[in-house]
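For reference, the structure is listed below as structure tokens.
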Amino acid sequence: MILPSTLLVVDDEEEFATTLAERLEIRGIATRVAHDGETAVHMVAEAAPQAVLLDVLMPGMKGLDVLTRLRETHPQIPVILLTGQGTTRDGIEGMHRGAFAYLTKPVDLEELLRTLSEAMERGGQS
Amino acid sequence: MKEEAPSSWAEAATAPSRYRTLQRKIVALIAVAALLPLFSLAFINYYEHQHALTAQVQEPLRALVGKTKHSFELYLTERISAINFIASAYSFEQLADKTALNRIFQIMSQAFTGFVDISLIDDSGKLISYVGPYNLKDINYTEQKWFQQVLLRGSYISDVFLGFRQFPHVVVAVRHNNPDGRSWIVRATLDTAQFENIIASMGLEPGSDAFLTNRKGVLQTESRQYGHVLEPLSFSLPPANYEANVYDFADPAGGQYFLALSQIANTDFVLVAMKPRPSLLKAWYTVRLDMVAVFVAGVCVIFAGVFAATRMIIQRLQESDAQRLAAIHQMEHTQRLSSIGRLAAGVAHEINNPLAIINEKAGLLRDLLELRPDFPDKERFAKQIDAILRSVDRCRGITHRMLGFAKRMDVRIEVLDLNAAITETIGFLEREAQYRNVTIERRLAPDLPQIPSDYGQIQQVVLNILNNALAAVADGGTIAVSTWDEGERVGIAVADNGCGMSEETVKHIFEPFFTTKKEKGTGLGMSITYGIVKRLGGDIHIQSALGKGTTVTIFLPKHPPEEQGGSL
């Protein structure tokens, strides 16, 4: 399993984001956290991670807009969307806009790692 | 409460008693509208007809009486003229000579029938000469009424009396004033056989009657019904004059007649003719019977027509009301589900975020635990953490279902995995199935192509059918759900080994409000299911055998139906 060495988790739920980041750190992925869309775009611009985990529902800049921006500036970075279960439609919309995959919350960590690995194998080609 | 209003209003509006009242009102209204002209027509017709017929019957009777009266007058005038001629043409001396009077009498009798005798009376009332069957001599008539009448009026016709041979007679007397100042009276007796002849010539039908009577109501001729000559009538007559008049008349025996009568000029006689009404109006009664029959038949036909038409109208109305009610029910149902769904979605979404945090926190705890092999009571902690994670999984299932339910309310076409939708739906019922020891077999084709359809609607369809299957099977029964690829469409079949349905039930199963579940069902499940499948461009078939089980088969198209496109 090839995992990304760097990852950006974007989620307005701080507890969720930091806890998930910590768990991914344990698994050897250098993970940074952004709590809103604008910060995420800045952080990617500063230091591009190998992958981005992006929540769809956020105050301010919406997840799908962040996705569109990232696909424009960094098309090589695979973006995996996190959606609530009621917003499968957003997930599908995200796929249309070039997301690599979408996962529903609460996330099963094994599934997340598997998806990240697939993304690395395909080298950002979605 | 607001949502209840339309249906309770609609149910009140579709109560059977309302339709009955409505039917009665419509029948009454149309019947009145149709029958009123008929009644008026019949009424007018009845009276016009009666009037015309009465006139038709009365007129000939009036004419007959007029004609007969004229005959009587002619007969009597002739006799008076004859006597007058004799009184004027011969001198007193000639008439006083019995031989001469006898010769005159013989000649007169040849020319005019009916004379019985003739006599000459001088102006003092003394009988001068007489020719006839009586042996009359030296009689003085001074005190007699007829004599005074003759002196007064110049001529006189008596009432009928029984004469010498017990035949009815009348006396005719004429006064002659001679230019030399003398005056004498010629008096003759007529038998009334000629009266009977004149009446006989009227040609009366059986049951009719005609007779002469005087002003005192004493019969002057024979009557068929009211007695013999000189017998008094047992009833009084309407007033008579010289014009023939017709009256409705009831005799003392109760007979109904048209009675025509007329006074005969210069006499005391009244001519009376009677025709019985029933026989006269027989023709009219026949016509009336026909008319009544036609009228009654017309009324019956109108009523039957009105009743049939009204029943048809009411039936149509009832059907359309039922359909409308079904639509209202479905709408209400959808609205209720929709609002529950939105609520559920909101709750589920709110719960999801903290749930995700719990999930991550517990996961982190487990991670940390695994990083510390020397952690005391490691096993115990791992167990607790696993329990938390399992609970999170359960919660996830619940919110998933709640959101899935909410999603069913939003109609949208997406490319979907039919097997996944079915598996998820089966998941909703698994607990009940397990509890009742019912096996739900999944025979889902692994390579089933994804189809564009509505996830929520498909779930609702499958849920409805599975619910029915679950209700049909006994505890320990089996339900098999299968999917397969079939050319341009995909098939879904739900087969159970439950109680099955009769042919009749299968025939009606898609009709709104058709239910076999008594109080438990709305009777809408299968009709909604049918509607959804049709809207999705699919087909639904049911095969069932009583006691063996039921198989519901659905086919869905691989390509969305053109006209509906993506916006169902």
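Chains: A, B, ... in order of the structure tokens. Residues: from 1 per chain. Ligands: from 1, in order shown.
All of the residues in chain B within 8 Å of chain A are Ala345, His349, Asn352, Asn353, Leu355, Ala356, Ile357, Asn359, Glu360, Lys361, Gly363, Leu364, Asp367, Arg396, Thr399, His400, Leu403, Gly404 and Lys407 of chain B, where only C-alpha atoms were counted.
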Can you list, as a PDB file with all heavy atoms, in the first residue's frame, every protein, DNA or RNA residue that comes within 12 Å of Thr115 of chain A when you count only C-alpha atoms, leaving out same-chain residues fewer than 4 positions away?
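Full text of result18.pdb as output:
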ATOM      1  N   MET A   1       0.852  -1.191   0.000  1.00  0.00           N
ATOM      2  CA  MET A   1       0.000   0.000   0.000  1.00  0.00           C
ATOM      3  C   MET A   1       0.887   1.240   0.000  1.00  0.00           C
ATOM      4  O   MET A   1       1.691   1.441   0.890  1.00  0.00           O
ATOM      5  CB  MET A   1      -0.908  -0.018   1.228  1.00  0.00           C
ATOM      6  CG  MET A   1      -1.989   0.967   1.026  1.00  0.00           C
ATOM      7  SD  MET A   1      -3.480   0.927   2.008  1.00  0.00           S
ATOM      8  CE  MET A   1      -3.435  -0.245   3.241  1.00  0.00           C
ATOM      9  N   ILE A   2       0.716   2.078  -1.076  1.00  0.00           N
ATOM     10  CA  ILE A   2       1.504   3.314  -1.160  1.00  0.00           C
ATOM     11  C   ILE A   2       0.659   4.439  -0.605  1.00  0.00           C
ATOM     12  O   ILE A   2      -0.392   4.746  -1.155  1.00  0.00           O
ATOM     13  CB  ILE A   2       1.889   3.649  -2.617  1.00  0.00           C
ATOM     14  CG1 ILE A   2       2.461   2.405  -3.306  1.00  0.00           C
ATOM     15  CG2 ILE A   2       2.841   4.830  -2.674  1.00  0.00           C
ATOM     16  CD1 ILE A   2       2.319   2.432  -4.801  1.00  0.00           C
ATOM     17  N   LEU A   3       1.143   5.011   0.483  1.00  0.00           N
ATOM     18  CA  LEU A   3       0.372   6.108   1.065  1.00  0.00           C
ATOM     19  C   LEU A   3       1.057   7.422   0.762  1.00  0.00           C
ATOM     20  O   LEU A   3       2.279   7.464   0.583  1.00  0.00           O
ATOM     21  CB  LEU A   3       0.265   5.910   2.577  1.00  0.00           C
ATOM     22  CG  LEU A   3      -0.621   4.722   3.010  1.00  0.00           C
ATOM     23  CD1 LEU A   3      -0.544   4.529   4.509  1.00  0.00           C
ATOM     24  CD2 LEU A   3      -2.056   4.922   2.574  1.00  0.00           C
ATOM     25  N   PRO A   4       0.309   8.507   0.717  1.00  0.00           N
ATOM     26  CA  PRO A   4       0.951   9.806   0.485  1.00  0.00           C
ATOM     27  C   PRO A   4       1.808  10.191   1.698  1.00  0.00           C
ATOM     28  O   PRO A   4       1.466   9.822   2.826  1.00  0.00           O
ATOM     29  CB  PRO A   4      -0.230  10.764   0.306  1.00  0.00           C
ATOM     30  CG  PRO A   4      -1.372  10.101   1.009  1.00  0.00           C
ATOM     31  CD  PRO A   4      -1.151   8.643   0.880  1.00  0.00           C
ATOM     32  N   ALA A  51      -1.827  14.791  -1.272  1.00  0.00           N
ATOM     33  CA  ALA A  51      -3.282  14.572  -1.437  1.00  0.00           C
ATOM     34  C   ALA A  51      -4.049  15.518  -0.503  1.00  0.00           C
ATOM     35  O   ALA A  51      -3.480  15.990   0.478  1.00  0.00           O
ATOM     36  CB  ALA A  51      -3.653  13.130  -1.115  1.00  0.00           C
ATOM     37  N   VAL A  52      -5.333  15.727  -0.843  1.00  0.00           N
ATOM     38  CA  VAL A  52      -6.179  16.591   0.004  1.00  0.00           C
ATOM     39  C   VAL A  52      -7.460  15.829   0.365  1.00  0.00           C
ATOM     40  O   VAL A  52      -8.074  15.177  -0.483  1.00  0.00           O
ATOM     41  CB  VAL A  52      -6.539  17.905  -0.728  1.00  0.00           C
ATOM     42  CG1 VAL A  52      -7.536  18.726   0.114  1.00  0.00           C
ATOM     43  CG2 VAL A  52      -5.296  18.710  -1.026  1.00  0.00           C
ATOM     44  N   LEU A  53      -7.819  15.910   1.655  1.00  0.00           N
ATOM     45  CA  LEU A  53      -9.080  15.347   2.128  1.00  0.00           C
ATOM     46  C   LEU A  53      -9.985  16.536   2.431  1.00  0.00           C
ATOM     47  O   LEU A  53      -9.674  17.349   3.289  1.00  0.00           O
ATOM     48  CB  LEU A  53      -8.819  14.516   3.393  1.00  0.00           C
ATOM     49  CG  LEU A  53      -9.882  13.535   3.826  1.00  0.00           C
ATOM     50  CD1 LEU A  53     -10.197  12.524   2.733  1.00  0.00           C
ATOM     51  CD2 LEU A  53      -9.429  12.802   5.087  1.00  0.00           C
ATOM     52  N   PRO A  78      -4.517  14.696  -5.994  1.00  0.00           N
ATOM     53  CA  PRO A  78      -5.846  14.057  -5.881  1.00  0.00           C
ATOM     54  C   PRO A  78      -6.616  14.604  -4.687  1.00  0.00           C
ATOM     55  O   PRO A  78      -6.047  14.798  -3.616  1.00  0.00           O
ATOM     56  CB  PRO A  78      -5.512  12.580  -5.699  1.00  0.00           C
ATOM     57  CG  PRO A  78      -4.130  12.543  -5.157  1.00  0.00           C
ATOM     58  CD  PRO A  78      -3.416  13.782  -5.643  1.00  0.00           C
ATOM     59  N   VAL A  79      -7.884  14.883  -4.895  1.00  0.00           N
ATOM     60  CA  VAL A  79      -8.740  15.394  -3.818  1.00  0.00           C
ATOM     61  C   VAL A  79      -9.816  14.353  -3.498  1.00  0.00           C
ATOM     62  O   VAL A  79     -10.496  13.869  -4.390  1.00  0.00           O
ATOM     63  CB  VAL A  79      -9.412  16.723  -4.224  1.00  0.00           C
ATOM     64  CG1 VAL A  79     -10.329  17.233  -3.103  1.00  0.00           C
ATOM     65  CG2 VAL A  79      -8.364  17.763  -4.570  1.00  0.00           C
ATOM     66  N   ILE A  80      -9.891  13.969  -2.220  1.00  0.00           N
ATOM     67  CA  ILE A  80     -10.932  13.032  -1.789  1.00  0.00           C
ATOM     68  C   ILE A  80     -11.935  13.826  -0.970  1.00  0.00           C
ATOM     69  O   ILE A  80     -11.560  14.555  -0.047  1.00  0.00           O
ATOM     70  CB  ILE A  80     -10.326  11.880  -0.962  1.00  0.00           C
ATOM     71  CG1 ILE A  80      -9.394  11.058  -1.887  1.00  0.00           C
ATOM     72  CG2 ILE A  80     -11.432  11.011  -0.370  1.00  0.00           C
ATOM     73  CD1 ILE A  80      -8.467  10.144  -1.150  1.00  0.00           C
ATOM     74  N   LEU A  81     -13.231  13.710  -1.347  1.00  0.00           N
ATOM     75  CA  LEU A  81     -14.272  14.491  -0.677  1.00  0.00           C
ATOM     76  C   LEU A  81     -14.856  13.721   0.496  1.00  0.00           C
ATOM     77  O   LEU A  81     -14.951  12.498   0.473  1.00  0.00           O
ATOM     78  CB  LEU A  81     -15.407  14.822  -1.646  1.00  0.00           C
ATOM     79  CG  LEU A  81     -15.073  15.749  -2.822  1.00  0.00           C
ATOM     80  CD1 LEU A  81     -16.284  15.898  -3.724  1.00  0.00           C
ATOM     81  CD2 LEU A  81     -14.612  17.120  -2.312  1.00  0.00           C
ATOM     82  N   LEU A  82     -15.217  14.480   1.536  1.00  0.00           N
ATOM     83  CA  LEU A  82     -15.937  13.903   2.670  1.00  0.00           C
ATOM     84  C   LEU A  82     -17.339  14.518   2.646  1.00  0.00           C
ATOM     85  O   LEU A  82     -17.487  15.736   2.597  1.00  0.00           O
ATOM     86  CB  LEU A  82     -15.254  14.293   3.974  1.00  0.00           C
ATOM     87  CG  LEU A  82     -14.007  13.516   4.357  1.00  0.00           C
ATOM     88  CD1 LEU A  82     -13.465  14.052   5.675  1.00  0.00           C
ATOM     89  CD2 LEU A  82     -14.293  12.028   4.486  1.00  0.00           C
ATOM     90  N   ALA A  99     -12.980  15.349  -8.472  1.00  0.00           N
ATOM     91  CA  ALA A  99     -12.526  14.715  -7.234  1.00  0.00           C
ATOM     92  C   ALA A  99     -12.162  13.265  -7.518  1.00  0.00           C
ATOM     93  O   ALA A  99     -12.710  12.654  -8.440  1.00  0.00           O
ATOM     94  CB  ALA A  99     -13.636  14.798  -6.187  1.00  0.00           C
ATOM     95  N   PHE A 100     -11.242  12.725  -6.770  1.00  0.00           N
ATOM     96  CA  PHE A 100     -10.814  11.344  -7.012  1.00  0.00           C
ATOM     97  C   PHE A 100     -11.871  10.370  -6.498  1.00  0.00           C
ATOM     98  O   PHE A 100     -12.151   9.356  -7.136  1.00  0.00           O
ATOM     99  CB  PHE A 100      -9.460  11.066  -6.336  1.00  0.00           C
ATOM    100  CG  PHE A 100      -9.024   9.643  -6.524  1.00  0.00           C
ATOM    101  CD1 PHE A 100      -8.516   9.228  -7.767  1.00  0.00           C
ATOM    102  CD2 PHE A 100      -9.151   8.706  -5.490  1.00  0.00           C
ATOM    103  CE1 PHE A 100      -8.142   7.903  -7.953  1.00  0.00           C
ATOM    104  CE2 PHE A 100      -8.770   7.392  -5.685  1.00  0.00           C
ATOM    105  CZ  PHE A 100      -8.268   6.987  -6.918  1.00  0.00           C
ATOM    106  N   ALA A 101     -12.451  10.706  -5.352  1.00  0.00           N
ATOM    107  CA  ALA A 101     -13.462   9.818  -4.773  1.00  0.00           C
ATOM    108  C   ALA A 101     -14.243  10.605  -3.738  1.00  0.00           C
ATOM    109  O   ALA A 101     -13.866  11.709  -3.380  1.00  0.00           O
ATOM    110  CB  ALA A 101     -12.807   8.607  -4.110  1.00  0.00           C
ATOM    111  N   TYR A 102     -15.341  10.026  -3.282  1.00  0.00           N
ATOM    112  CA  TYR A 102     -15.998  10.665  -2.143  1.00  0.00           C
ATOM    113  C   TYR A 102     -16.326   9.623  -1.088  1.00  0.00           C
ATOM    114  O   TYR A 102     -16.670   8.483  -1.396  1.00  0.00           O
ATOM    115  CB  TYR A 102     -17.224  11.472  -2.564  1.00  0.00           C
ATOM    116  CG  TYR A 102     -18.436  10.672  -2.968  1.00  0.00           C
ATOM    117  CD1 TYR A 102     -19.374  10.259  -2.022  1.00  0.00           C
ATOM    118  CD2 TYR A 102     -18.651  10.354  -4.312  1.00  0.00           C
ATOM    119  CE1 TYR A 102     -20.489   9.547  -2.397  1.00  0.00           C
ATOM    120  CE2 TYR A 102     -19.751   9.644  -4.684  1.00  0.00           C
ATOM    121  CZ  TYR A 102     -20.689   9.233  -3.732  1.00  0.00           C
ATOM    122  OH  TYR A 102     -21.778   8.534  -4.105  1.00  0.00           O
ATOM    123  N   LEU A 103     -16.163  10.023   0.161  1.00  0.00           N
ATOM    124  CA  LEU A 103     -16.421   9.128   1.292  1.00  0.00           C
ATOM    125  C   LEU A 103     -17.452   9.802   2.179  1.00  0.00           C
ATOM    126  O   LEU A 103     -17.540  11.024   2.238  1.00  0.00           O
ATOM    127  CB  LEU A 103     -15.130   8.897   2.088  1.00  0.00           C
ATOM    128  CG  LEU A 103     -13.982   8.229   1.317  1.00  0.00           C
ATOM    129  CD1 LEU A 103     -12.713   8.236   2.167  1.00  0.00           C
ATOM    130  CD2 LEU A 103     -14.335   6.798   0.926  1.00  0.00           C
ATOM    131  N   VAL A 107     -16.142   8.359   8.797  1.00  0.00           N
ATOM    132  CA  VAL A 107     -15.277   7.649   7.844  1.00  0.00           C
ATOM    133  C   VAL A 107     -14.662   6.415   8.505  1.00  0.00           C
ATOM    134  O   VAL A 107     -14.266   6.442   9.658  1.00  0.00           O
ATOM    135  CB  VAL A 107     -14.155   8.576   7.369  1.00  0.00           C
ATOM    136  CG1 VAL A 107     -13.248   7.884   6.375  1.00  0.00           C
ATOM    137  CG2 VAL A 107     -14.752   9.824   6.744  1.00  0.00           C
ATOM    138  N   ASP A 108     -14.683   5.362   7.723  1.00  0.00           N
ATOM    139  CA  ASP A 108     -13.966   4.166   8.182  1.00  0.00           C
ATOM    140  C   ASP A 108     -12.509   4.349   7.758  1.00  0.00           C
ATOM    141  O   ASP A 108     -12.215   4.541   6.577  1.00  0.00           O
ATOM    142  CB  ASP A 108     -14.596   2.942   7.496  1.00  0.00           C
ATOM    143  CG  ASP A 108     -13.876   1.667   7.895  1.00  0.00           C
ATOM    144  OD1 ASP A 108     -13.391   1.608   9.048  1.00  0.00           O
ATOM    145  OD2 ASP A 108     -13.796   0.755   7.055  1.00  0.00           O
ATOM    146  N   LEU A 109     -11.589   4.337   8.759  1.00  0.00           N
ATOM    147  CA  LEU A 109     -10.182   4.686   8.481  1.00  0.00           C
ATOM    148  C   LEU A 109      -9.555   3.755   7.451  1.00  0.00           C
ATOM    149  O   LEU A 109      -8.807   4.201   6.575  1.00  0.00           O
ATOM    150  CB  LEU A 109      -9.367   4.668   9.786  1.00  0.00           C
ATOM    151  CG  LEU A 109      -7.998   5.320   9.649  1.00  0.00           C
ATOM    152  CD1 LEU A 109      -8.113   6.808   9.393  1.00  0.00           C
ATOM    153  CD2 LEU A 109      -7.143   5.035  10.865  1.00  0.00           C
ATOM    154  N   GLU A 110      -9.887   2.480   7.564  1.00  0.00           N
ATOM    155  CA  GLU A 110      -9.325   1.507   6.614  1.00  0.00           C
ATOM    156  C   GLU A 110      -9.703   1.885   5.175  1.00  0.00           C
ATOM    157  O   GLU A 110      -8.892   1.824   4.267  1.00  0.00           O
ATOM    158  CB  GLU A 110      -9.830   0.089   6.933  1.00  0.00           C
ATOM    159  CG  GLU A 110      -9.383  -0.448   8.284  1.00  0.00           C
ATOM    160  CD  GLU A 110      -7.863  -0.343   8.471  1.00  0.00           C
ATOM    161  OE1 GLU A 110      -7.132  -0.678   7.503  1.00  0.00           O
ATOM    162  OE2 GLU A 110      -7.415   0.119   9.552  1.00  0.00           O
ATOM    163  N   GLU A 111     -10.975   2.274   5.020  1.00  0.00           N
ATOM    164  CA  GLU A 111     -11.466   2.631   3.690  1.00  0.00           C
ATOM    165  C   GLU A 111     -10.748   3.875   3.180  1.00  0.00           C
ATOM    166  O   GLU A 111     -10.376   3.968   2.001  1.00  0.00           O
ATOM    167  CB  GLU A 111     -12.978   2.883   3.771  1.00  0.00           C
ATOM    168  CG  GLU A 111     -13.661   2.823   2.415  1.00  0.00           C
ATOM    169  CD  GLU A 111     -15.128   3.209   2.479  1.00  0.00           C
ATOM    170  OE1 GLU A 111     -15.696   3.232   3.591  1.00  0.00           O
ATOM    171  OE2 GLU A 111     -15.693   3.507   1.415  1.00  0.00           O
ATOM    172  N   ALA A 119      -5.371   6.442  -4.878  1.00  0.00           N
ATOM    173  CA  ALA A 119      -5.095   7.747  -5.474  1.00  0.00           C
ATOM    174  C   ALA A 119      -3.607   7.871  -5.808  1.00  0.00           C
ATOM    175  O   ALA A 119      -3.241   8.389  -6.871  1.00  0.00           O
ATOM    176  CB  ALA A 119      -5.529   8.851  -4.520  1.00  0.00           C
ATOM    177  N   MET A 120      -2.736   7.380  -4.900  1.00  0.00           N
ATOM    178  CA  MET A 120      -1.286   7.457  -5.126  1.00  0.00           C
ATOM    179  C   MET A 120      -0.904   6.595  -6.317  1.00  0.00           C
ATOM    180  O   MET A 120      -0.107   6.978  -7.162  1.00  0.00           O
ATOM    181  CB  MET A 120      -0.521   6.984  -3.869  1.00  0.00           C
ATOM    182  CG  MET A 120      -0.595   7.954  -2.706  1.00  0.00           C
ATOM    183  SD  MET A 120       0.050   9.600  -3.128  1.00  0.00           S
ATOM    184  CE  MET A 120      -1.430  10.478  -3.395  1.00  0.00           C
ATOM    185  N   GLU A 121      -1.519   5.436  -6.391  1.00  0.00           N
ATOM    186  CA  GLU A 121      -1.190   4.499  -7.477  1.00  0.00           C
ATOM    187  C   GLU A 121      -1.549   5.108  -8.831  1.00  0.00           C
ATOM    188  O   GLU A 121      -0.842   4.969  -9.808  1.00  0.00           O
ATOM    189  CB  GLU A 121      -1.965   3.184  -7.308  1.00  0.00           C
ATOM    190  CG  GLU A 121      -1.255   2.227  -6.365  1.00  0.00           C
ATOM    191  CD  GLU A 121      -2.136   1.058  -5.989  1.00  0.00           C
ATOM    192  OE1 GLU A 121      -3.102   0.788  -6.730  1.00  0.00           O
ATOM    193  OE2 GLU A 121      -1.870   0.439  -4.941  1.00  0.00           O
ATOM    194  N   ARG A 122      -2.654   5.810  -8.862  1.00  0.00           N
ATOM    195  CA  ARG A 122      -3.094   6.369 -10.154  1.00  0.00           C
ATOM    196  C   ARG A 122      -2.402   7.698 -10.445  1.00  0.00           C
ATOM    197  O   ARG A 122      -2.612   8.274 -11.507  1.00  0.00           O
ATOM    198  CB  ARG A 122      -4.599   6.603 -10.161  1.00  0.00           C
ATOM    199  CG  ARG A 122      -5.337   5.275 -10.049  1.00  0.00           C
ATOM    200  CD  ARG A 122      -6.652   5.342 -10.760  1.00  0.00           C
ATOM    201  NE  ARG A 122      -7.479   4.245 -10.279  1.00  0.00           N
ATOM    202  CZ  ARG A 122      -8.787   4.275 -10.255  1.00  0.00           C
ATOM    203  NH1 ARG A 122      -9.416   5.359 -10.659  1.00  0.00           N
ATOM    204  NH2 ARG A 122      -9.465   3.233  -9.837  1.00  0.00           N
ATOM    205  N   GLY A 124      -2.732  10.759  -9.273  1.00  0.00           N
ATOM    206  CA  GLY A 124      -3.521  11.992  -9.434  1.00  0.00           C
ATOM    207  C   GLY A 124      -4.415  11.984 -10.653  1.00  0.00           C
ATOM    208  O   GLY A 124      -5.141  12.934 -10.901  1.00  0.00           O
TER     209      GLY A 124
END
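Nearest-residue note for Thr73 of chain A: choosing from A:Glu25, A:Leu54, A:Ala34, A:Val41, the minimum distance belongs to A:Val41, counting only C-alpha atoms.
Look at Ala47 of chain A: the protein and nucleic acid residues within 12 Å of it, using only C-alpha atoms and passing over chain neighbours fewer than 6 places away, are Thr6, Leu7, Leu8, Thr31, Arg32, Ala40, Val41, His74 and Ile77 of chain A.
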For the selection just defined, write its residues with N, CA, C and O atoms to a file, as a PDB file, in the first residue's frame.
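Listing of out33.pdb after writing:
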ATOM      1  N   THR A   6       2.557  13.390   2.427  1.00  0.00           N
ATOM      2  CA  THR A   6       1.958  14.612   2.989  1.00  0.00           C
ATOM      3  C   THR A   6       0.477  14.677   2.608  1.00  0.00           C
ATOM      4  O   THR A   6       0.087  14.265   1.512  1.00  0.00           O
ATOM      5  N   LEU A   7      -0.322  15.210   3.550  1.00  0.00           N
ATOM      6  CA  LEU A   7      -1.772  15.268   3.317  1.00  0.00           C
ATOM      7  C   LEU A   7      -2.337  16.504   3.990  1.00  0.00           C
ATOM      8  O   LEU A   7      -1.861  16.909   5.049  1.00  0.00           O
ATOM      9  N   LEU A   8      -3.339  17.111   3.337  1.00  0.00           N
ATOM     10  CA  LEU A   8      -4.023  18.248   3.960  1.00  0.00           C
ATOM     11  C   LEU A   8      -5.478  17.827   4.243  1.00  0.00           C
ATOM     12  O   LEU A   8      -6.183  17.375   3.337  1.00  0.00           O
ATOM     13  N   THR A  31       0.445  15.139   8.195  1.00  0.00           N
ATOM     14  CA  THR A  31      -0.858  15.718   7.934  1.00  0.00           C
ATOM     15  C   THR A  31      -0.994  17.113   8.526  1.00  0.00           C
ATOM     16  O   THR A  31      -0.681  17.332   9.692  1.00  0.00           O
ATOM     17  N   ARG A  32      -1.469  18.026   7.693  1.00  0.00           N
ATOM     18  CA  ARG A  32      -1.754  19.366   8.182  1.00  0.00           C
ATOM     19  C   ARG A  32      -3.276  19.558   8.131  1.00  0.00           C
ATOM     20  O   ARG A  32      -3.982  18.846   7.425  1.00  0.00           O
ATOM     21  N   ALA A  40      -7.225  26.590   3.348  1.00  0.00           N
ATOM     22  CA  ALA A  40      -6.782  25.401   2.607  1.00  0.00           C
ATOM     23  C   ALA A  40      -6.097  25.793   1.306  1.00  0.00           C
ATOM     24  O   ALA A  40      -5.014  25.293   0.984  1.00  0.00           O
ATOM     25  N   VAL A  41      -6.753  26.731   0.581  1.00  0.00           N
ATOM     26  CA  VAL A  41      -6.173  27.150  -0.699  1.00  0.00           C
ATOM     27  C   VAL A  41      -4.790  27.769  -0.492  1.00  0.00           C
ATOM     28  O   VAL A  41      -3.841  27.457  -1.215  1.00  0.00           O
ATOM     29  N   HIS A  74      -3.633  23.072  -9.010  1.00  0.00           N
ATOM     30  CA  HIS A  74      -2.811  21.876  -8.786  1.00  0.00           C
ATOM     31  C   HIS A  74      -3.533  20.627  -9.269  1.00  0.00           C
ATOM     32  O   HIS A  74      -3.963  19.786  -8.480  1.00  0.00           O
ATOM     33  N   ILE A  77      -2.759  17.078  -7.773  1.00  0.00           N
ATOM     34  CA  ILE A  77      -3.062  16.629  -6.406  1.00  0.00           C
ATOM     35  C   ILE A  77      -4.442  15.972  -6.379  1.00  0.00           C
ATOM     36  O   ILE A  77      -5.437  16.599  -6.727  1.00  0.00           O
TER      37      ILE A  77
END
Test item, helix (DSSP H, G or I) assignment across chain A, answer as a ChimeraX atom specification: /A:14-26,37-46,63-73,85-96,109-122
